[in-house]
>>> print(open('upload39.pdb').read())   # PDB, C-alpha atoms
MODEL        1
ATOM      1  CA  GLU X   1      51.985  -8.497  51.997  1.00  0.00           C
ATOM      2  CA  GLY X   2      53.050  -6.239  49.125  1.00  0.00           C
ATOM      3  CA  THR X   3      54.546  -8.952  46.949  1.00  0.00           C
ATOM      4  CA  SER X   4      53.990  -7.779  43.411  1.00  0.00           C
ATOM      5  CA  SER X   5      56.504  -9.200  40.957  1.00  0.00           C
ATOM      6  CA  LEU X   6      59.647  -7.231  40.302  1.00  0.00           C
ATOM      7  CA  HIS X   7      61.834  -6.887  37.242  1.00  0.00           C
ATOM      8  CA  ALA X   8      64.505  -9.587  37.092  1.00  0.00           C
ATOM      9  CA  SER X   9      67.226  -6.921  37.389  1.00  0.00           C
ATOM     10  CA  SER X  10      65.873  -5.851  40.773  1.00  0.00           C
ATOM     11  CA  PRO X  11      66.433  -8.528  43.408  1.00  0.00           C
ATOM     12  CA  ASN X  12      64.948  -8.731  46.866  1.00  0.00           C
ATOM     13  CA  VAL X  13      67.310  -9.246  49.791  1.00  0.00           C
ATOM     14  CA  PHE X  14      65.914 -11.181  52.734  1.00  0.00           C
ATOM     15  CA  PHE X  15      68.108 -11.542  55.791  1.00  0.00           C
ATOM     16  CA  ALA X  16      68.068 -12.694  59.369  1.00  0.00           C
ATOM     17  CA  PRO X  17      68.016  -9.776  61.803  1.00  0.00           C
ATOM     18  CA  ILE X  18      71.547  -8.561  62.511  1.00  0.00           C
ATOM     19  CA  LYS X  19      73.000  -5.696  64.548  1.00  0.00           C
ATOM     20  CA  LYS X  20      71.448  -2.331  63.669  1.00  0.00           C
ATOM     21  CA  GLN X  21      74.570  -0.702  62.238  1.00  0.00           C
ATOM     22  CA  ARG X  22      75.291  -3.728  60.074  1.00  0.00           C
ATOM     23  CA  ALA X  23      71.663  -3.884  58.907  1.00  0.00           C
ATOM     24  CA  LYS X  24      71.767  -0.199  57.984  1.00  0.00           C
ATOM     25  CA  LEU X  25      74.941  -0.779  55.950  1.00  0.00           C
ATOM     26  CA  LEU X  26      73.338  -3.782  54.226  1.00  0.00           C
ATOM     27  CA  VAL X  27      70.237  -1.786  53.249  1.00  0.00           C
ATOM     28  CA  GLU X  28      72.239   1.274  52.182  1.00  0.00           C
ATOM     29  CA  LYS X  29      74.687  -0.526  49.906  1.00  0.00           C
ATOM     30  CA  CYS X  30      72.186  -2.995  48.446  1.00  0.00           C
ATOM     31  CA  THR X  31      69.869  -0.073  47.647  1.00  0.00           C
ATOM     32  CA  GLU X  32      72.693   1.750  45.894  1.00  0.00           C
ATOM     33  CA  LEU X  33      73.347  -1.425  43.886  1.00  0.00           C
ATOM     34  CA  GLY X  34      69.718  -1.771  42.807  1.00  0.00           C
ATOM     35  CA  ALA X  35      67.873  -4.002  45.285  1.00  0.00           C
ATOM     36  CA  MET X  36      64.132  -3.439  45.068  1.00  0.00           C
ATOM     37  CA  GLY X  37      62.984  -5.093  48.273  1.00  0.00           C
ATOM     38  CA  PHE X  38      64.107  -6.108  51.727  1.00  0.00           C
ATOM     39  CA  GLY X  39      62.690  -8.416  54.351  1.00  0.00           C
ATOM     40  CA  LEU X  40      63.577  -9.942  57.696  1.00  0.00           C
ATOM     41  CA  VAL X  41      63.401 -13.706  58.201  1.00  0.00           C
ATOM     42  CA  GLY X  42      63.565 -15.402  61.589  1.00  0.00           C
ATOM     43  CA  THR X  43      66.119 -18.211  61.821  1.00  0.00           C
ATOM     44  CA  ASP X  44      67.173 -20.667  64.505  1.00  0.00           C
ATOM     45  CA  TYR X  45      70.319 -18.671  65.355  1.00  0.00           C
ATOM     46  CA  VAL X  46      69.011 -15.094  65.271  1.00  0.00           C
ATOM     47  CA  ASN X  47      70.920 -12.847  67.690  1.00  0.00           C
ATOM     48  CA  GLU X  48      69.134  -9.534  67.110  1.00  0.00           C
ATOM     49  CA  LYS X  49      65.424  -9.038  67.457  1.00  0.00           C
ATOM     50  CA  GLY X  50      65.191  -5.248  67.781  1.00  0.00           C
ATOM     51  CA  LEU X  51      65.365  -4.164  64.136  1.00  0.00           C
ATOM     52  CA  ASN X  52      62.726  -1.709  63.028  1.00  0.00           C
ATOM     53  CA  ALA X  53      61.633  -1.952  59.389  1.00  0.00           C
ATOM     54  CA  ASP X  54      60.581   1.704  59.255  1.00  0.00           C
ATOM     55  CA  LYS X  55      64.041   2.844  60.329  1.00  0.00           C
ATOM     56  CA  LEU X  56      65.687   0.539  57.817  1.00  0.00           C
ATOM     57  CA  MET X  57      63.489   1.983  55.097  1.00  0.00           C
ATOM     58  CA  LEU X  58      64.670   5.495  56.003  1.00  0.00           C
ATOM     59  CA  GLN X  59      68.150   4.211  55.215  1.00  0.00           C
ATOM     60  CA  ALA X  60      66.865   2.928  51.856  1.00  0.00           C
ATOM     61  CA  ILE X  61      65.304   6.309  51.062  1.00  0.00           C
ATOM     62  CA  GLU X  62      68.579   8.117  51.808  1.00  0.00           C
ATOM     63  CA  ALA X  63      70.542   5.610  49.710  1.00  0.00           C
ATOM     64  CA  SER X  64      68.049   5.997  46.844  1.00  0.00           C
ATOM     65  CA  GLU X  65      68.563   9.744  46.900  1.00  0.00           C
ATOM     66  CA  GLN X  66      72.349   9.347  47.104  1.00  0.00           C
ATOM     67  CA  SER X  67      72.456   7.017  44.100  1.00  0.00           C
ATOM     68  CA  GLU X  68      69.868   9.083  42.167  1.00  0.00           C
ATOM     69  CA  ARG X  69      67.463   6.175  41.868  1.00  0.00           C
ATOM     70  CA  LEU X  70      63.970   6.917  40.689  1.00  0.00           C
ATOM     71  CA  THR X  71      62.491   4.184  42.885  1.00  0.00           C
ATOM     72  CA  ILE X  72      62.620   3.387  46.564  1.00  0.00           C
ATOM     73  CA  PRO X  73      62.907  -0.231  47.687  1.00  0.00           C
ATOM     74  CA  ARG X  74      60.022  -1.650  49.627  1.00  0.00           C
ATOM     75  CA  PHE X  75      59.931  -3.716  52.768  1.00  0.00           C
ATOM     76  CA  VAL X  76      58.364  -7.116  52.089  1.00  0.00           C
ATOM     77  CA  SER X  77      56.784  -8.418  55.257  1.00  0.00           C
ATOM     78  CA  PRO X  78      54.163 -10.959  56.239  1.00  0.00           C
ATOM     79  CA  SER X  79      50.723  -9.793  57.242  1.00  0.00           C
ATOM     80  CA  THR X  80      51.451 -10.925  60.820  1.00  0.00           C
ATOM     81  CA  GLY X  81      54.326  -8.523  61.525  1.00  0.00           C
ATOM     82  CA  GLU X  82      57.760  -7.380  60.413  1.00  0.00           C
ATOM     83  CA  ILE X  83      59.623 -10.706  60.536  1.00  0.00           C
ATOM     84  CA  TRP X  84      58.804 -13.758  58.415  1.00  0.00           C
ATOM     85  CA  ASN X  85      58.941 -17.124  60.089  1.00  0.00           C
ATOM     86  CA  MET X  86      61.019 -19.482  57.970  1.00  0.00           C
ATOM     87  CA  SER X  87      58.152 -21.794  57.015  1.00  0.00           C
ATOM     88  CA  ASP X  88      55.866 -19.029  55.728  1.00  0.00           C
ATOM     89  CA  PHE X  89      58.755 -17.383  53.937  1.00  0.00           C
ATOM     90  CA  LEU X  90      59.737 -20.556  52.087  1.00  0.00           C
ATOM     91  CA  ASP X  91      56.094 -21.197  51.158  1.00  0.00           C
ATOM     92  CA  ARG X  92      56.282 -18.089  48.952  1.00  0.00           C
ATOM     93  CA  PHE X  93      58.673 -19.980  46.675  1.00  0.00           C
ATOM     94  CA  THR X  94      57.533 -23.583  46.910  1.00  0.00           C
ATOM     95  CA  HIS X  95      53.736 -23.731  47.056  1.00  0.00           C
ATOM     96  CA  TYR X  96      51.906 -23.118  43.831  1.00  0.00           C
ATOM     97  CA  GLU X  97      49.046 -24.854  42.133  1.00  0.00           C
ATOM     98  CA  ASP X  98      49.914 -24.190  38.515  1.00  0.00           C
ATOM     99  CA  GLU X  99      52.764 -22.782  36.492  1.00  0.00           C
ATOM    100  CA  ASN X 100      51.015 -19.413  36.121  1.00  0.00           C
ATOM    101  CA  SER X 101      50.820 -18.725  39.851  1.00  0.00           C
ATOM    102  CA  THR X 102      52.833 -15.947  41.477  1.00  0.00           C
ATOM    103  CA  SER X 103      54.985 -18.408  43.457  1.00  0.00           C
ATOM    104  CA  CYS X 104      56.065 -20.121  40.251  1.00  0.00           C
ATOM    105  CA  ASN X 105      57.604 -16.827  39.098  1.00  0.00           C
ATOM    106  CA  ARG X 106      59.710 -16.489  42.229  1.00  0.00           C
ATOM    107  CA  HIS X 107      63.268 -17.718  42.413  1.00  0.00           C
ATOM    108  CA  LEU X 108      65.062 -17.991  45.779  1.00  0.00           C
ATOM    109  CA  LEU X 109      68.840 -18.211  46.086  1.00  0.00           C
ATOM    110  CA  ILE X 110      69.890 -19.286  49.587  1.00  0.00           C
ATOM    111  CA  CYS X 111      73.426 -18.260  50.533  1.00  0.00           C
ATOM    112  CA  ARG X 112      75.203 -21.114  52.296  1.00  0.00           C
ATOM    113  CA  GLU X 113      78.798 -21.442  53.327  1.00  0.00           C
ATOM    114  CA  ARG X 114      81.000 -24.513  53.209  1.00  0.00           C
ATOM    115  CA  ARG X 115      78.350 -26.898  51.965  1.00  0.00           C
ATOM    116  CA  ASP X 116      79.031 -29.830  49.632  1.00  0.00           C
ATOM    117  CA  GLY X 117      77.164 -29.775  46.362  1.00  0.00           C
ATOM    118  CA  VAL X 118      76.357 -26.054  46.471  1.00  0.00           C
ATOM    119  CA  LEU X 119      77.112 -24.187  43.258  1.00  0.00           C
ATOM    120  CA  PRO X 120      79.000 -20.886  43.091  1.00  0.00           C
ATOM    121  CA  LEU X 121      76.758 -17.825  42.955  1.00  0.00           C
ATOM    122  CA  MET X 122      78.046 -16.614  39.584  1.00  0.00           C
ATOM    123  CA  LYS X 123      77.335 -19.963  37.918  1.00  0.00           C
ATOM    124  CA  VAL X 124      73.778 -20.036  39.287  1.00  0.00           C
ATOM    125  CA  LEU X 125      73.151 -16.400  38.337  1.00  0.00           C
ATOM    126  CA  ASP X 126      74.318 -17.109  34.816  1.00  0.00           C
ATOM    127  CA  HIS X 127      71.852 -20.010  34.627  1.00  0.00           C
ATOM    128  CA  VAL X 128      68.987 -18.006  36.164  1.00  0.00           C
ATOM    129  CA  HIS X 129      69.657 -15.112  33.809  1.00  0.00           C
ATOM    130  CA  ASP X 130      69.649 -17.444  30.797  1.00  0.00           C
ATOM    131  CA  MET X 131      66.324 -18.912  31.974  1.00  0.00           C
ATOM    132  CA  SER X 132      64.570 -15.653  32.782  1.00  0.00           C
ATOM    133  CA  GLY X 133      66.365 -13.180  30.537  1.00  0.00           C
ATOM    134  CA  ILE X 134      64.575  -9.911  31.105  1.00  0.00           C
ATOM    135  CA  ASP X 135      61.319 -11.541  32.137  1.00  0.00           C
ATOM    136  CA  VAL X 136      59.432  -8.881  34.100  1.00  0.00           C
ATOM    137  CA  ASN X 137      57.425 -11.622  35.818  1.00  0.00           C
ATOM    138  CA  LYS X 138      60.448 -13.303  37.436  1.00  0.00           C
ATOM    139  CA  GLU X 139      61.168 -12.231  40.997  1.00  0.00           C
ATOM    140  CA  ILE X 140      64.678 -13.001  42.232  1.00  0.00           C
ATOM    141  CA  SER X 141      65.368 -13.087  45.966  1.00  0.00           C
ATOM    142  CA  PHE X 142      68.449 -13.781  48.049  1.00  0.00           C
ATOM    143  CA  LEU X 143      68.205 -15.282  51.523  1.00  0.00           C
ATOM    144  CA  ILE X 144      71.115 -14.357  53.781  1.00  0.00           C
ATOM    145  CA  GLY X 145      71.692 -16.259  57.016  1.00  0.00           C
ATOM    146  CA  PRO X 146      72.360 -15.044  60.544  1.00  0.00           C
ATOM    147  CA  GLU X 147      75.708 -14.346  62.186  1.00  0.00           C
ATOM    148  CA  GLY X 148      75.770 -17.867  63.654  1.00  0.00           C
ATOM    149  CA  GLY X 149      75.095 -19.532  60.302  1.00  0.00           C
ATOM    150  CA  TRP X 150      72.264 -21.906  59.465  1.00  0.00           C
ATOM    151  CA  SER X 151      71.236 -24.555  61.980  1.00  0.00           C
ATOM    152  CA  PRO X 152      71.507 -28.268  61.052  1.00  0.00           C
ATOM    153  CA  GLU X 153      67.698 -28.384  60.758  1.00  0.00           C
ATOM    154  CA  GLU X 154      67.675 -25.401  58.379  1.00  0.00           C
ATOM    155  CA  ASN X 155      70.468 -26.935  56.304  1.00  0.00           C
ATOM    156  CA  SER X 156      68.462 -30.173  55.990  1.00  0.00           C
ATOM    157  CA  LEU X 157      65.361 -28.214  54.992  1.00  0.00           C
ATOM    158  CA  PHE X 158      67.297 -26.263  52.360  1.00  0.00           C
ATOM    159  CA  ASP X 159      68.816 -29.466  50.966  1.00  0.00           C
ATOM    160  CA  HIS X 160      65.339 -30.973  50.670  1.00  0.00           C
ATOM    161  CA  LEU X 161      63.855 -27.854  49.031  1.00  0.00           C
ATOM    162  CA  SER X 162      66.719 -27.520  46.575  1.00  0.00           C
ATOM    163  CA  GLU X 163      65.987 -31.050  45.377  1.00  0.00           C
ATOM    164  CA  LYS X 164      62.209 -30.737  45.057  1.00  0.00           C
ATOM    165  CA  ALA X 165      61.288 -27.123  44.292  1.00  0.00           C
ATOM    166  CA  SER X 166      61.637 -27.401  40.499  1.00  0.00           C
ATOM    167  CA  GLY X 167      64.550 -24.985  40.379  1.00  0.00           C
ATOM    168  CA  ASN X 168      62.722 -22.192  42.206  1.00  0.00           C
ATOM    169  CA  VAL X 169      64.894 -22.699  45.299  1.00  0.00           C
ATOM    170  CA  GLN X 170      68.636 -23.099  44.931  1.00  0.00           C
ATOM    171  CA  SER X 171      71.554 -22.933  47.308  1.00  0.00           C
ATOM    172  CA  VAL X 172      74.570 -20.840  46.353  1.00  0.00           C
ATOM    173  CA  THR X 173      78.007 -20.173  47.784  1.00  0.00           C
ATOM    174  CA  LEU X 174      80.286 -17.155  47.586  1.00  0.00           C
ATOM    175  CA  GLY X 175      83.423 -19.224  48.067  1.00  0.00           C
ATOM    176  CA  SER X 176      85.272 -20.810  50.952  1.00  0.00           C
ATOM    177  CA  SER X 177      85.344 -17.761  53.229  1.00  0.00           C
ATOM    178  CA  VAL X 178      82.762 -17.191  55.932  1.00  0.00           C
ATOM    179  CA  LEU X 179      81.300 -13.745  55.263  1.00  0.00           C
ATOM    180  CA  ARG X 180      79.371 -11.358  57.461  1.00  0.00           C
ATOM    181  CA  ALA X 181      75.709 -11.130  56.522  1.00  0.00           C
ATOM    182  CA  GLU X 182      75.984  -7.601  55.149  1.00  0.00           C
ATOM    183  CA  THR X 183      79.047  -8.500  53.056  1.00  0.00           C
ATOM    184  CA  CYS X 184      77.185 -11.476  51.600  1.00  0.00           C
ATOM    185  CA  ALA X 185      74.114  -9.380  50.770  1.00  0.00           C
ATOM    186  CA  ILE X 186      76.181  -6.653  49.125  1.00  0.00           C
ATOM    187  CA  ALA X 187      78.168  -9.210  47.105  1.00  0.00           C
ATOM    188  CA  CYS X 188      74.992 -10.971  45.934  1.00  0.00           C
ATOM    189  CA  THR X 189      73.306  -7.747  44.861  1.00  0.00           C
ATOM    190  CA  ALA X 190      76.450  -6.547  43.074  1.00  0.00           C
ATOM    191  CA  ALA X 191      76.831  -9.893  41.314  1.00  0.00           C
ATOM    192  CA  TRP X 192      73.238  -9.780  40.091  1.00  0.00           C
ATOM    193  CA  THR X 193      73.762  -6.313  38.587  1.00  0.00           C
ATOM    194  CA  LEU X 194      76.470  -7.803  36.378  1.00  0.00           C
ATOM    195  CA  PHE X 195      73.812  -9.872  34.624  1.00  0.00           C
ATOM    196  CA  THR X 196      71.404  -7.040  33.836  1.00  0.00           C
TER     197      THR X 196
ENDMDL
END
>>> encode(input="upload39.pdb", output="structure tokens")
Amino acid sequence: EGTSSLHASSPNVFFAPIKKQRAKLLVEKCTELGAMGFGLVGTDYVNEKGLNADKLMLQAIEASEQSERLTIPRFVSPSTGEIWNMSDFLDRFTHYEDENSTSCNRHLLICRERRDGVLPLMKVLDHVHDMSGIDVNKEISFLIGPEGGWSPEENSLFDHLSEKASGNVQSVTLGSSVLRAETCAIACTAAWTLFT
């Protein structure tokens, strides 16, 4: 699945499939801002199913050249295809047998809008940065929802995981506005660069 750990200053951006032009913008701008990986995650309210990972990676290559990066982001996908199902995706962050396992070194920040008890992104990033510092073994990932938002079942699952996943899974908000998926991804990646 190509899931080697990344430097803490290089987040992964996982998102529900969105319209091609918007997905291209998301990949381009997040690459310019330093994202090291991208992945597609199926959600209950996915509208677009025709995204091609290879074409999105061409966008990442062009953006890497434009921003004079020395690395090209990778596409993180399950062994079964291009799109993660939600259960398998979340298992990457919640199932580990000991504190030295790869999953234990993964931190997932789920972007959620208008949800009680969800902390602002900047506050959570400050906490995560204090915990991991420049730990090269800590992989930070953002999960961005679909255009229709998260379903009630997904919201319940995220609430449950945030309570039990020992801090590896946290919900974050970018404020009271409802943002497009690409805007959210760009804002998250830009915010993370402030802490590196």
>>> resolve_selection(input="upload39.pdb", expression="the PyMOL selection byres ((chain X and resi 46-50) around 8)", output="PyMOL selection string")
chain X and resi 16-19+42-45+51-52+146-148
>>> closest_residue(input="upload39.pdb", among="X:Asp54, X:Glu65, X:Asp116, X:Glu163", to="Ser77 in chain X", atoms="only C-alpha atoms")
X:Asp54
>>> resolve_selection(input="upload39.pdb", expression="the PyMOL selection byres ((chain X and resi 144) around 9)", output="PyMOL selection string")
chain X and resi 13-16+41+109-112+142-143+145-146+181-182+184-185
>>> closest_atom_pairs(input="upload39.pdb", of="range 45-106 of chain X", to="range 28-32 of chain X", cutoff="8 Å", atoms="all atoms listed in the file", output="JSON lines")
{"residue": "X:Gln59", "atom": "CA", "partner": "X:Glu28", "partner_atom": "CA", "distance": 5.9}
{"residue": "X:Ala60", "atom": "CA", "partner": "X:Glu28", "partner_atom": "CA", "distance": 5.6}
{"residue": "X:Glu62", "atom": "CA", "partner": "X:Glu28", "partner_atom": "CA", "distance": 7.8}
{"residue": "X:Ala63", "atom": "CA", "partner": "X:Glu28", "partner_atom": "CA", "distance": 5.3}
{"residue": "X:Ser64", "atom": "CA", "partner": "X:Glu32", "partner_atom": "CA", "distance": 6.4}
{"residue": "X:Gln66", "atom": "CA", "partner": "X:Glu32", "partner_atom": "CA", "distance": 7.7}
{"residue": "X:Ser67", "atom": "CA", "partner": "X:Glu32", "partner_atom": "CA", "distance": 5.6}
{"residue": "X:Arg69", "atom": "CA", "partner": "X:Glu32", "partner_atom": "CA", "distance": 7.9}
{"residue": "X:Pro73", "atom": "CA", "partner": "X:Thr31", "partner_atom": "CA", "distance": 7.0}
>>> atom_distance(input="upload39.pdb", atom1="CA of Ser176 in chain X", atom2="CA of Asn12 in chain X")
24.0 Å
>>> atom_distance(input="upload39.pdb", atom1="CA of Asp159 in chain X", atom2="CA of Thr189 in chain X")
23.0 Å
>>> resolve_selection(input="upload39.pdb", expression="the PyMOL selection byres ((chain X and resi 161) around 12)", output="MDAnalysis selection string")
chainID X and resid 87 90:91 93:95 108:110 154:160 162:171
